[in-house]
file model_17.tsv (TSV, N, CA and C atoms)
chain	number	residue	atom	x	y	z
Y	656	MET	N	56.03	65.96	-68.82
Y	656	MET	CA	55.04	65.71	-69.85
Y	656	MET	C	54.12	64.59	-69.35
Y	657	ALA	N	52.84	64.85	-69.26
Y	657	ALA	CA	51.88	63.87	-68.77
Y	657	ALA	C	51.80	62.66	-69.69
Y	658	THR	N	51.36	61.54	-69.16
Y	658	THR	CA	51.32	60.31	-69.95
Y	658	THR	C	50.41	60.42	-71.17
Y	659	TRP	N	49.37	61.25	-71.09
Y	659	TRP	CA	48.48	61.38	-72.25
Y	659	TRP	C	49.19	62.06	-73.42
Y	660	GLU	N	50.32	62.70	-73.14
Y	660	GLU	CA	51.12	63.32	-74.19
Y	660	GLU	C	52.18	62.38	-74.75
Y	661	ARG	N	52.20	61.16	-74.26
Y	661	ARG	CA	53.18	60.16	-74.67
Y	661	ARG	C	52.47	59.02	-75.40
Y	662	GLU	N	53.22	58.33	-76.23
Y	662	GLU	CA	52.68	57.16	-76.93
Y	662	GLU	C	53.50	55.94	-76.53
Y	663	LEU	N	52.80	54.89	-76.17
Y	663	LEU	CA	53.44	53.65	-75.77
Y	663	LEU	C	54.15	53.03	-76.97
Y	664	VAL	N	55.36	52.55	-76.75
Y	664	VAL	CA	56.06	51.83	-77.81
Y	664	VAL	C	55.73	50.35	-77.68
Y	665	GLU	N	56.04	49.60	-78.69
Y	665	GLU	CA	55.79	48.16	-78.63
Y	665	GLU	C	56.71	47.52	-77.59
Y	666	PRO	N	56.15	46.65	-76.77
Y	666	PRO	CA	56.96	46.02	-75.72
Y	666	PRO	C	57.89	44.96	-76.29
Y	667	PRO	N	58.93	44.63	-75.54
Y	667	PRO	CA	59.81	43.53	-75.97
Y	667	PRO	C	59.03	42.21	-76.00
Y	668	MET	N	59.43	41.31	-76.83
Y	668	MET	CA	58.74	40.02	-76.95
Y	668	MET	C	59.24	39.00	-75.93
Y	669	GLU	N	60.53	39.05	-75.60
Y	669	GLU	CA	61.12	38.09	-74.67
Y	669	GLU	C	60.44	38.27	-73.31
Y	670	PRO	N	59.96	37.18	-72.68
Y	670	PRO	CA	59.16	37.28	-71.46
Y	670	PRO	C	59.81	38.07	-70.32
Y	671	ARG	N	61.08	37.83	-70.01
Y	671	ARG	CA	61.72	38.55	-68.91
Y	671	ARG	C	61.89	40.02	-69.24
Y	672	ALA	N	62.25	40.33	-70.46
Y	672	ALA	CA	62.39	41.74	-70.88
Y	672	ALA	C	61.03	42.44	-70.81
Y	673	ARG	N	59.96	41.74	-71.19
Y	673	ARG	CA	58.62	42.33	-71.12
Y	673	ARG	C	58.20	42.58	-69.68
Y	674	GLU	N	58.53	41.64	-68.80
Y	674	GLU	CA	58.21	41.80	-67.37
Y	674	GLU	C	58.89	43.05	-66.81
Y	675	LEU	N	60.17	43.23	-67.10
Y	675	LEU	CA	60.89	44.42	-66.64
Y	675	LEU	C	60.31	45.68	-67.27
Y	676	TRP	N	59.99	45.61	-68.55
Y	676	TRP	CA	59.42	46.74	-69.28
Y	676	TRP	C	58.10	47.17	-68.64
Y	677	LEU	N	57.26	46.22	-68.27
Y	677	LEU	CA	55.99	46.54	-67.61
Y	677	LEU	C	56.23	47.24	-66.28
Y	678	GLN	N	57.22	46.79	-65.52
Y	678	GLN	CA	57.52	47.44	-64.24
Y	678	GLN	C	58.02	48.86	-64.46
Y	679	HIS	N	58.86	49.05	-65.48
Y	679	HIS	CA	59.32	50.40	-65.79
Y	679	HIS	C	58.16	51.27	-66.29
Y	680	ALA	N	57.24	50.69	-67.04
Y	680	ALA	CA	56.08	51.44	-67.50
Y	680	ALA	C	55.24	51.91	-66.31
Y	681	ALA	N	55.07	51.05	-65.31
Y	681	ALA	CA	54.34	51.44	-64.10
Y	681	ALA	C	55.06	52.59	-63.40
Y	682	GLY	N	56.38	52.50	-63.29
Y	682	GLY	CA	57.15	53.57	-62.69
Y	682	GLY	C	57.04	54.86	-63.49
Y	683	PHE	N	57.03	54.75	-64.80
Y	683	PHE	CA	56.89	55.92	-65.66
Y	683	PHE	C	55.58	56.63	-65.39
Y	684	ILE	N	54.50	55.87	-65.27
Y	684	ILE	CA	53.19	56.45	-64.99
Y	684	ILE	C	53.20	57.17	-63.64
Y	685	VAL	N	53.74	56.53	-62.61
Y	685	VAL	CA	53.81	57.15	-61.29
Y	685	VAL	C	54.64	58.44	-61.35
Y	686	PHE	N	55.77	58.39	-61.99
Y	686	PHE	CA	56.65	59.55	-62.02
Y	686	PHE	C	56.07	60.68	-62.87
Y	687	GLU	N	55.41	60.37	-63.95
Y	687	GLU	CA	54.85	61.41	-64.80
Y	687	GLU	C	53.54	61.97	-64.26
Y	688	ASP	N	52.64	61.11	-63.83
Y	688	ASP	CA	51.30	61.58	-63.47
Y	688	ASP	C	51.11	61.86	-61.99
Y	689	ILE	N	52.06	61.50	-61.16
Y	689	ILE	CA	51.99	61.82	-59.73
Y	689	ILE	C	53.13	62.78	-59.37
Y	690	ARG	N	54.38	62.32	-59.52
Y	690	ARG	CA	55.51	63.12	-59.08
Y	690	ARG	C	55.64	64.41	-59.90
Y	691	ARG	N	55.66	64.30	-61.21
Y	691	ARG	CA	55.82	65.49	-62.05
Y	691	ARG	C	54.67	66.47	-61.82
Y	692	TYR	N	53.45	65.94	-61.73
Y	692	TYR	CA	52.28	66.79	-61.48
Y	692	TYR	C	52.48	67.59	-60.18
Y	693	ALA	N	52.88	66.91	-59.11
Y	693	ALA	CA	53.09	67.59	-57.83
Y	693	ALA	C	54.21	68.62	-57.93
Y	694	MET	N	55.29	68.29	-58.62
Y	694	MET	CA	56.40	69.23	-58.78
Y	694	MET	C	55.95	70.49	-59.51
Y	695	GLU	N	55.09	70.33	-60.50
Y	695	GLU	CA	54.61	71.48	-61.26
Y	695	GLU	C	53.68	72.38	-60.45
Y	696	LYS	N	53.12	71.85	-59.36
Y	696	LYS	CA	52.21	72.62	-58.51
Y	696	LYS	C	52.93	73.42	-57.43
Y	697	ILE	N	54.25	73.30	-57.34
Y	697	ILE	CA	55.00	74.05	-56.34
Y	697	ILE	C	54.92	75.54	-56.65
Y	698	ASP	N	54.62	76.33	-55.64
Y	698	ASP	CA	54.49	77.77	-55.78
Y	698	ASP	C	55.82	78.37	-56.25
Y	699	PRO	N	55.83	79.04	-57.38
Y	699	PRO	CA	57.09	79.61	-57.89
Y	699	PRO	C	57.63	80.73	-57.01
Y	700	ALA	N	56.82	81.26	-56.11
Y	700	ALA	CA	57.27	82.35	-55.24
Y	700	ALA	C	58.06	81.84	-54.03
Y	701	LEU	N	58.14	80.52	-53.85
Y	701	LEU	CA	58.87	79.98	-52.70
Y	701	LEU	C	60.36	80.27	-52.81
Y	702	THR	N	61.00	80.40	-51.67
Y	702	THR	CA	62.46	80.53	-51.65
Y	702	THR	C	63.08	79.22	-52.12
Y	703	ASP	N	64.34	79.27	-52.49
Y	703	ASP	CA	65.03	78.04	-52.91
Y	703	ASP	C	65.01	76.99	-51.80
Y	704	GLN	N	65.19	77.44	-50.56
Y	704	GLN	CA	65.18	76.50	-49.44
Y	704	GLN	C	63.80	75.87	-49.24
Y	705	ALA	N	62.76	76.68	-49.34
Y	705	ALA	CA	61.40	76.14	-49.20
Y	705	ALA	C	61.06	75.21	-50.36
Y	706	ARG	N	61.48	75.60	-51.57
Y	706	ARG	CA	61.24	74.75	-52.75
Y	706	ARG	C	61.92	73.40	-52.58
Y	707	ALA	N	63.15	73.39	-52.11
Y	707	ALA	CA	63.88	72.14	-51.90
Y	707	ALA	C	63.17	71.27	-50.87
Y	708	ALA	N	62.64	71.88	-49.82
Y	708	ALA	CA	61.91	71.12	-48.80
Y	708	ALA	C	60.63	70.51	-49.37
Y	709	VAL	N	59.92	71.27	-50.20
Y	709	VAL	CA	58.70	70.74	-50.83
Y	709	VAL	C	59.05	69.60	-51.78
Y	710	GLN	N	60.09	69.77	-52.58
Y	710	GLN	CA	60.50	68.72	-53.51
Y	710	GLN	C	60.90	67.45	-52.75
Y	711	LYS	N	61.60	67.59	-51.64
Y	711	LYS	CA	61.95	66.43	-50.83
Y	711	LYS	C	60.69	65.76	-50.30
Y	712	GLY	N	59.72	66.54	-49.88
Y	712	GLY	CA	58.46	65.98	-49.40
Y	712	GLY	C	57.73	65.18	-50.48
Y	713	ILE	N	57.74	65.71	-51.70
Y	713	ILE	CA	57.11	65.00	-52.81
Y	713	ILE	C	57.85	63.68	-53.06
Y	714	ASP	N	59.17	63.73	-53.12
Y	714	ASP	CA	59.95	62.51	-53.36
Y	714	ASP	C	59.77	61.50	-52.24
Y	715	ASP	N	59.70	61.98	-51.01
Y	715	ASP	CA	59.46	61.07	-49.89
Y	715	ASP	C	58.08	60.42	-49.97
Y	716	ALA	N	57.08	61.18	-50.39
Y	716	ALA	CA	55.73	60.63	-50.53
Y	716	ALA	C	55.69	59.58	-51.65
Y	717	VAL	N	56.36	59.86	-52.77
Y	717	VAL	CA	56.40	58.89	-53.86
Y	717	VAL	C	57.12	57.62	-53.41
Y	718	TYR	N	58.21	57.78	-52.66
Y	718	TYR	CA	58.91	56.59	-52.16
Y	718	TYR	C	58.03	55.81	-51.19
Y	719	GLY	N	57.25	56.51	-50.38
Y	719	GLY	CA	56.29	55.84	-49.50
Y	719	GLY	C	55.29	55.02	-50.29
Y	720	LEU	N	54.83	55.56	-51.42
Y	720	LEU	CA	53.94	54.81	-52.30
Y	720	LEU	C	54.65	53.57	-52.83
Y	721	MET	N	55.92	53.71	-53.20
Y	721	MET	CA	56.68	52.55	-53.71
Y	721	MET	C	56.76	51.45	-52.64
Y	722	MET	N	56.93	51.84	-51.37
Y	722	MET	CA	56.97	50.85	-50.29
Y	722	MET	C	55.64	50.13	-50.14
Y	723	VAL	N	54.53	50.86	-50.31
Y	723	VAL	CA	53.21	50.22	-50.27
Y	723	VAL	C	53.05	49.27	-51.45
Y	724	ILE	N	53.44	49.72	-52.64
Y	724	ILE	CA	53.34	48.87	-53.83
Y	724	ILE	C	54.15	47.59	-53.65
Y	725	ASP	N	55.35	47.71	-53.09
Y	725	ASP	CA	56.21	46.54	-52.87
Y	725	ASP	C	55.72	45.64	-51.74
Y	726	GLY	N	54.77	46.12	-50.95
Y	726	GLY	CA	54.27	45.32	-49.83
Y	726	GLY	C	55.13	45.42	-48.58
Y	727	ILE	N	56.06	46.37	-48.57
Y	727	ILE	CA	56.90	46.57	-47.39
Y	727	ILE	C	56.06	47.15	-46.26
Y	728	THR	N	55.18	48.09	-46.61
Y	728	THR	CA	54.25	48.71	-45.67
Y	728	THR	C	52.86	48.65	-46.30
Y	729	GLY	N	51.89	49.20	-45.61
Y	729	GLY	CA	50.57	49.35	-46.22
Y	729	GLY	C	49.61	48.21	-46.01
Y	730	ALA	N	49.71	47.51	-44.91
Y	730	ALA	CA	48.73	46.46	-44.60
Y	730	ALA	C	48.20	46.68	-43.20
Y	731	LEU	N	46.95	46.33	-43.02
Y	731	LEU	CA	46.32	46.34	-41.71
Y	731	LEU	C	45.96	44.91	-41.38
Y	732	SER	N	46.21	44.49	-40.16
Y	732	SER	CA	45.87	43.10	-39.83
Y	732	SER	C	45.52	42.96	-38.36
Y	733	ASN	N	44.86	41.87	-38.08
Y	733	ASN	CA	44.60	41.44	-36.71
Y	733	ASN	C	44.96	39.96	-36.66
Y	734	ALA	N	44.53	39.27	-35.66
Y	734	ALA	CA	44.89	37.85	-35.51
Y	734	ALA	C	44.31	36.98	-36.62
Y	735	ASN	N	43.24	37.45	-37.27
Y	735	ASN	CA	42.54	36.60	-38.24
Y	735	ASN	C	42.53	37.11	-39.67
Y	736	ARG	N	42.76	38.40	-39.88
Y	736	ARG	CA	42.59	38.96	-41.22
Y	736	ARG	C	43.66	40.01	-41.53
Y	737	THR	N	43.84	40.22	-42.83
Y	737	THR	CA	44.75	41.26	-43.31
Y	737	THR	C	44.07	42.00	-44.46
Y	738	VAL	N	44.26	43.30	-44.48
Y	738	VAL	CA	43.80	44.14	-45.59
Y	738	VAL	C	45.05	44.74	-46.23
Y	739	TYR	N	45.17	44.57	-47.53
Y	739	TYR	CA	46.29	45.15	-48.27
Y	739	TYR	C	45.79	45.55	-49.64
Y	740	ILE	N	46.60	46.34	-50.32
Y	740	ILE	CA	46.25	46.83	-51.65
Y	740	ILE	C	47.13	46.10	-52.66
Y	741	ASP	N	46.51	45.58	-53.71
Y	741	ASP	CA	47.27	44.98	-54.80
Y	741	ASP	C	47.58	46.04	-55.84
Y	742	PHE	N	48.73	45.91	-56.45
Y	742	PHE	CA	49.13	46.78	-57.54
Y	742	PHE	C	49.57	45.88	-58.69
Y	743	ILE	N	48.79	45.89	-59.75
Y	743	ILE	CA	49.08	45.05	-60.91
Y	743	ILE	C	49.19	45.96	-62.13
Y	744	VAL	N	50.26	45.79	-62.88
Y	744	VAL	CA	50.41	46.53	-64.13
Y	744	VAL	C	50.06	45.56	-65.26
Y	745	ARG	N	49.23	46.04	-66.17
Y	745	ARG	CA	48.75	45.18	-67.27
Y	745	ARG	C	49.04	45.82	-68.62
Y	746	LEU	N	49.37	44.97	-69.56
Y	746	LEU	CA	49.47	45.35	-70.96
Y	746	LEU	C	48.26	44.73	-71.64
Y	747	ALA	N	47.45	45.56	-72.27
Y	747	ALA	CA	46.23	45.06	-72.90
Y	747	ALA	C	46.12	45.57	-74.33
Y	748	THR	N	45.36	44.85	-75.12
Y	748	THR	CA	45.07	45.34	-76.46
Y	748	THR	C	44.17	46.56	-76.31
Y	749	ARG	N	44.16	47.39	-77.29
Y	749	ARG	CA	43.34	48.60	-77.25
Y	749	ARG	C	41.90	48.18	-77.47
Y	750	GLY	N	41.04	48.47	-76.51
Y	750	GLY	CA	39.64	48.10	-76.61
Y	750	GLY	C	38.75	49.30	-76.80
Y	751	ASP	N	37.45	49.08	-76.74
Y	751	ASP	CA	36.49	50.17	-76.90
Y	751	ASP	C	36.52	51.15	-75.74
Y	752	SER	N	36.86	50.66	-74.55
Y	752	SER	CA	36.90	51.56	-73.39
Y	752	SER	C	38.34	51.69	-72.92
Y	753	GLU	N	38.62	51.42	-71.66
Y	753	GLU	CA	39.96	51.58	-71.10
Y	753	GLU	C	40.97	50.58	-71.66
Y	754	GLY	N	40.55	49.38	-71.90
Y	754	GLY	CA	41.47	48.37	-72.39
Y	754	GLY	C	40.71	47.16	-72.88
Y	755	GLY	N	41.38	46.37	-73.65
Y	755	GLY	CA	40.77	45.17	-74.19
Y	755	GLY	C	41.31	43.95	-73.48
Y	756	GLU	N	41.73	43.00	-74.24
Y	756	GLU	CA	42.25	41.74	-73.71
Y	756	GLU	C	43.63	41.93	-73.07
Y	757	VAL	N	43.80	41.40	-71.86
Y	757	VAL	CA	45.08	41.48	-71.17
Y	757	VAL	C	46.06	40.54	-71.86
Y	758	VAL	N	47.20	41.08	-72.27
Y	758	VAL	CA	48.23	40.33	-72.97
Y	758	VAL	C	49.31	39.86	-71.98
Y	759	SER	N	49.69	40.74	-71.06
Y	759	SER	CA	50.70	40.45	-70.04
Y	759	SER	C	50.35	41.25	-68.79
Y	760	GLU	N	50.74	40.71	-67.64
Y	760	GLU	CA	50.57	41.46	-66.41
Y	760	GLU	C	51.62	41.05	-65.39
Y	761	VAL	N	51.91	41.97	-64.48
Y	761	VAL	CA	52.86	41.72	-63.41
Y	761	VAL	C	52.25	42.23	-62.12
Y	762	ASP	N	52.21	41.36	-61.11
Y	762	ASP	CA	51.84	41.78	-59.77
Y	762	ASP	C	53.07	42.47	-59.20
Y	763	LEU	N	52.98	43.77	-59.00
Y	763	LEU	CA	54.15	44.54	-58.60
Y	763	LEU	C	54.68	44.15	-57.22
Y	764	ARG	N	53.87	43.53	-56.38
Y	764	ARG	CA	54.37	43.02	-55.09
Y	764	ARG	C	55.38	41.89	-55.31
Y	765	LYS	N	55.24	41.20	-56.45
Y	765	LYS	CA	56.11	40.07	-56.75
Y	765	LYS	C	57.15	40.42	-57.81
Y	766	GLY	N	57.24	41.70	-58.14
Y	766	GLY	CA	58.17	42.15	-59.17
Y	766	GLY	C	59.57	42.35	-58.60
Y	767	ASP	N	60.38	43.05	-59.35
Y	767	ASP	CA	61.77	43.30	-58.97
Y	767	ASP	C	61.91	44.36	-57.90
Y	768	GLY	N	60.85	45.10	-57.65
Y	768	GLY	CA	60.88	46.10	-56.60
Y	768	GLY	C	60.76	47.52	-57.12
Y	769	MET	N	59.64	48.12	-56.81
Y	769	MET	CA	59.43	49.51	-57.21
Y	769	MET	C	60.40	50.42	-56.46
Y	770	CYS	N	60.75	50.07	-55.23
Y	770	CYS	CA	61.73	50.86	-54.48
Y	770	CYS	C	63.09	50.83	-55.18
Y	771	MET	N	63.43	49.68	-55.76
Y	771	MET	CA	64.69	49.58	-56.51
Y	771	MET	C	64.62	50.46	-57.76
Y	772	GLY	N	63.52	50.41	-58.48
Y	772	GLY	CA	63.36	51.20	-59.69
Y	772	GLY	C	63.36	52.69	-59.43
Y	773	TYR	N	62.82	53.09	-58.28
Y	773	TYR	CA	62.67	54.49	-57.91
Y	773	TYR	C	63.96	55.29	-58.13
Y	774	HIS	N	65.07	54.77	-57.69
Y	774	HIS	CA	66.33	55.51	-57.76
Y	774	HIS	C	66.77	55.76	-59.20
Y	775	GLY	N	66.56	54.80	-60.09
Y	775	GLY	CA	66.85	55.02	-61.50
Y	775	GLY	C	65.86	55.97	-62.13
Y	776	TRP	N	64.60	55.85	-61.75
Y	776	TRP	CA	63.56	56.71	-62.32
Y	776	TRP	C	63.80	58.17	-61.96
Y	777	LEU	N	64.37	58.43	-60.78
Y	777	LEU	CA	64.73	59.81	-60.41
Y	777	LEU	C	65.71	60.39	-61.43
Y	778	GLU	N	66.50	59.53	-62.03
Y	778	GLU	CA	67.50	59.94	-63.03
Y	778	GLU	C	66.97	59.79	-64.46
Y	779	ASP	N	65.65	59.60	-64.59
Y	779	ASP	CA	64.99	59.44	-65.89
Y	779	ASP	C	65.45	58.17	-66.62
Y	780	ASP	N	65.79	57.14	-65.85
Y	780	ASP	CA	66.20	55.85	-66.41
Y	780	ASP	C	65.05	54.86	-66.24
Y	781	PHE	N	64.34	54.58	-67.33
Y	781	PHE	CA	63.21	53.68	-67.31
Y	781	PHE	C	63.51	52.37	-68.03
Y	782	GLY	N	64.76	51.94	-67.91
Y	782	GLY	CA	65.13	50.63	-68.41
Y	782	GLY	C	65.78	50.63	-69.77
Y	783	LYS	N	66.25	49.44	-70.12
Y	783	LYS	CA	66.95	49.23	-71.40
Y	783	LYS	C	66.02	49.41	-72.58
Y	784	ASP	N	64.79	48.93	-72.44
Y	784	ASP	CA	63.81	49.01	-73.52
Y	784	ASP	C	62.91	50.22	-73.31
Y	785	GLN	N	62.89	51.10	-74.28
Y	785	GLN	CA	62.11	52.34	-74.20
Y	785	GLN	C	60.64	52.02	-73.95
Y	786	VAL	N	59.99	52.85	-73.12
Y	786	VAL	CA	58.59	52.67	-72.76
Y	786	VAL	C	57.68	53.53	-73.64
Y	787	THR	N	58.07	54.81	-73.86
Y	787	THR	CA	57.22	55.72	-74.62
Y	787	THR	C	58.03	56.60	-75.55
Y	788	VAL	N	57.31	57.26	-76.44
Y	788	VAL	CA	57.84	58.33	-77.27
Y	788	VAL	C	56.85	59.49	-77.18
Y	789	THR	N	57.28	60.66	-77.59
Y	789	THR	CA	56.38	61.81	-77.61
Y	789	THR	C	55.28	61.55	-78.64
Y	790	ARG	N	54.05	61.78	-78.24
Y	790	ARG	CA	52.90	61.58	-79.14
Y	790	ARG	C	52.97	62.60	-80.26
Y	791	SER	N	52.65	62.19	-81.46
Y	791	SER	CA	52.63	63.09	-82.60
Y	791	SER	C	51.67	64.25	-82.33
Y	792	GLY	N	52.12	65.45	-82.64
Y	792	GLY	CA	51.27	66.61	-82.45
Y	792	GLY	C	51.43	67.27	-81.09
Y	793	THR	N	52.30	66.76	-80.21
Y	793	THR	CA	52.56	67.42	-78.94
Y	793	THR	C	54.01	67.82	-78.89
Y	794	GLU	N	54.29	68.83	-78.10
Y	794	GLU	CA	55.67	69.26	-77.93
Y	794	GLU	C	56.30	68.48	-76.80
Y	795	SER	N	57.63	68.27	-76.86
Y	795	SER	CA	58.30	67.56	-75.77
Y	795	SER	C	58.87	68.52	-74.76

call {"tool": "encode", "arguments": {"input": "model_17.tsv", "output": "structure tokens"}}
result
Amino acid sequence: MATWERELVEPPMEPRARELWLQHAAGFIVFEDIRRYAMEKIDPALTDQARAAVQKGIDDAVYGLMMVIDGITGALSNANRTVYIDFIVRLATRGDSEGGEVVSEVDLRKGDGMCMGYHGWLEDDFGKDQVTVTRSGTES
């Protein structure tokens, strides 16, 4: 179920619980809008063996993204400069466009580790505090 079919629940108030919740929310977005999307695009005519190979490729690519997010890989450098990508998850008030005022944020490079979360997310475990519920008017 794509994230647009889900409704965000209220985050925990305790700072550490909110920080973990934000990291799980980021993982939820990656798993729903990248991994699930790719899995749904697999040709249904493939053999079981070919399907398993494609699914492994998708999971390996998602894990590669997690390594870039964590800063394990994904930087270019020379003797004087480095280029890297920042990944920040933000909780914001609902604004007129994409978002309003930022309430909380976590730099995922400094978080608990997207690679660590990945293994639980494969099992549909997005933490102690629920991240979303099914949006009213959509099927689950």

call {"tool": "closest_atom_pairs", "arguments": {"input": "model_17.tsv", "of": "range 736-778 of chain Y", "to": "range 667-686 of chain Y", "cutoff": "7 Å", "atoms": "all atoms listed in the file", "output": "tab-separated table"}}
result
residue	atom	partner	partner_atom	distance
Y:Val744	CA	Y:Leu677	C	6.2
Y:Arg745	N	Y:Leu677	CA	6.9
Y:Glu760	C	Y:Glu674	CA	6.9
Y:Val761	CA	Y:Glu674	CA	6.7
Y:Trp776	CA	Y:Gly682	C	6.9

call {"tool": "write_last_selection", "arguments": {"input": "model_17.tsv", "atoms": "N, CA and C atoms", "output": "compact mmCIF listing (two decimals), keeping the file's coordinate frame"}}
result
# COMPACT_ATOMS: atom_id res chain seq x y z
N VAL Y 744 50.26 45.79 -62.88
CA VAL Y 744 50.41 46.53 -64.13
C VAL Y 744 50.06 45.56 -65.26
N ARG Y 745 49.23 46.04 -66.17
CA ARG Y 745 48.75 45.18 -67.27
C ARG Y 745 49.04 45.82 -68.62
N GLU Y 760 50.74 40.71 -67.64
CA GLU Y 760 50.57 41.46 -66.41
C GLU Y 760 51.62 41.05 -65.39
N VAL Y 761 51.91 41.97 -64.48
CA VAL Y 761 52.86 41.72 -63.41
C VAL Y 761 52.25 42.23 -62.12
N TRP Y 776 64.60 55.85 -61.75
CA TRP Y 776 63.56 56.71 -62.32
C TRP Y 776 63.80 58.17 -61.96

call {"tool": "residues_around", "arguments": {"input": "model_17.tsv", "residues": "Asp725 in chain Y", "least_positions_apart": "5", "cutoff": "8 Å", "atoms": "only N, CA and C atoms", "output": "PyMOL selection string"}}
result
chain Y and resi 719-720+742+763-770

call {"tool": "residues_around", "arguments": {"input": "model_17.tsv", "residues": "Met694 in chain Y", "least_positions_apart": "3", "cutoff": "12 Å", "atoms": "only C-alpha atoms", "output": "JSON, numbers by chain"}}
result
{"Y": [656, 686, 687, 688, 689, 690, 691, 697, 698, 699, 706, 707, 708, 709, 710, 711, 712, 713, 714, 716, 717]}

call {"tool": "select_by_dssp", "arguments": {"input": "model_17.tsv", "residues": "chain Y", "states": "alpha helix (DSSP H)", "output": "number ranges by chain"}}
result
Y: 670-685, 691-695, 703-725, 769-777

call {"tool": "atom_distance", "arguments": {"input": "model_17.tsv", "atom1": "CA of Ala693 in chain Y", "atom2": "atom N of Ile724 in chain Y"}}
result
18.6 Å

call {"tool": "closest_residue", "arguments": {"input": "model_17.tsv", "among": "Y:Gly726, Y:Val738, Y:Glu695, Y:Leu663", "to": "Val788 in chain Y", "atoms": "all atoms listed in the file"}}
result
Y:Leu663

call {"tool": "closest_residue", "arguments": {"input": "model_17.tsv", "among": "Y:Glu660, Y:Asp703, Y:Glu665, Y:Asp715", "to": "Ala747 in chain Y", "atoms": "only C-alpha atoms"}}
result
Y:Glu665

call {"tool": "select_by_dssp", "arguments": {"input": "model_17.tsv", "residues": "chain Y", "states": "strand (DSSP E or B)", "output": "list in words"}}
result
Arg661, Glu662, Leu663, Ala730, Leu731, Ser732, Thr737, Val738, Tyr739, Ile743, Val744, Arg745, Leu746, Ala747, Val757, Val758, Ser759, Glu760, Val761, Asp762, Thr787, Val788 and Thr789 of chain Y

call {"tool": "atom_distance", "arguments": {"input": "model_17.tsv", "atom1": "atom C of Tyr692 in chain Y", "atom2": "atom N of Met721 in chain Y"}}
result
15.9 Å

call {"tool": "atom_distance", "arguments": {"input": "model_17.tsv", "atom1": "atom N of Val664 in chain Y", "atom2": "atom C of Met771 in chain Y"}}
result
21.2 Å

call {"tool": "build_atoms", "arguments": {"input": "model_17.tsv", "residues": "range 715-726 of chain Y", "atoms": "N, CA, C and O atoms", "output": "CSV table (one decimal), in the frame of the given file"}}
result
chain,number,residue,atom,x,y,z
Y,715,ASP,N,59.7,62.0,-51.0
Y,715,ASP,CA,59.5,61.1,-49.9
Y,715,ASP,C,58.1,60.4,-50.0
Y,715,ASP,O,57.9,59.2,-49.7
Y,716,ALA,N,57.1,61.2,-50.4
Y,716,ALA,CA,55.7,60.6,-50.5
Y,716,ALA,C,55.7,59.6,-51.6
Y,716,ALA,O,55.1,58.5,-51.5
Y,717,VAL,N,56.4,59.9,-52.8
Y,717,VAL,CA,56.4,58.9,-53.9
Y,717,VAL,C,57.1,57.6,-53.4
Y,717,VAL,O,56.7,56.5,-53.7
Y,718,TYR,N,58.2,57.8,-52.7
Y,718,TYR,CA,58.9,56.6,-52.2
Y,718,TYR,C,58.0,55.8,-51.2
Y,718,TYR,O,58.0,54.6,-51.2
Y,719,GLY,N,57.2,56.5,-50.4
Y,719,GLY,CA,56.3,55.8,-49.5
Y,719,GLY,C,55.3,55.0,-50.3
Y,719,GLY,O,54.9,53.9,-49.9
Y,720,LEU,N,54.8,55.6,-51.4
Y,720,LEU,CA,53.9,54.8,-52.3
Y,720,LEU,C,54.6,53.6,-52.8
Y,720,LEU,O,54.1,52.5,-52.9
Y,721,MET,N,55.9,53.7,-53.2
Y,721,MET,CA,56.7,52.6,-53.7
Y,721,MET,C,56.8,51.4,-52.6
Y,721,MET,O,56.6,50.3,-53.0
Y,722,MET,N,56.9,51.8,-51.4
Y,722,MET,CA,57.0,50.8,-50.3
Y,722,MET,C,55.6,50.1,-50.1
Y,722,MET,O,55.6,48.9,-49.9
Y,723,VAL,N,54.5,50.9,-50.3
Y,723,VAL,CA,53.2,50.2,-50.3
Y,723,VAL,C,53.0,49.3,-51.4
Y,723,VAL,O,52.6,48.1,-51.3
Y,724,ILE,N,53.4,49.7,-52.6
Y,724,ILE,CA,53.3,48.9,-53.8
Y,724,ILE,C,54.2,47.6,-53.6
Y,724,ILE,O,53.7,46.5,-54.0
Y,725,ASP,N,55.4,47.7,-53.1
Y,725,ASP,CA,56.2,46.5,-52.9
Y,725,ASP,C,55.7,45.6,-51.7
Y,725,ASP,O,56.2,44.5,-51.6
Y,726,GLY,N,54.8,46.1,-51.0
Y,726,GLY,CA,54.3,45.3,-49.8
Y,726,GLY,C,55.1,45.4,-48.6
Y,726,GLY,O,54.9,44.7,-47.6
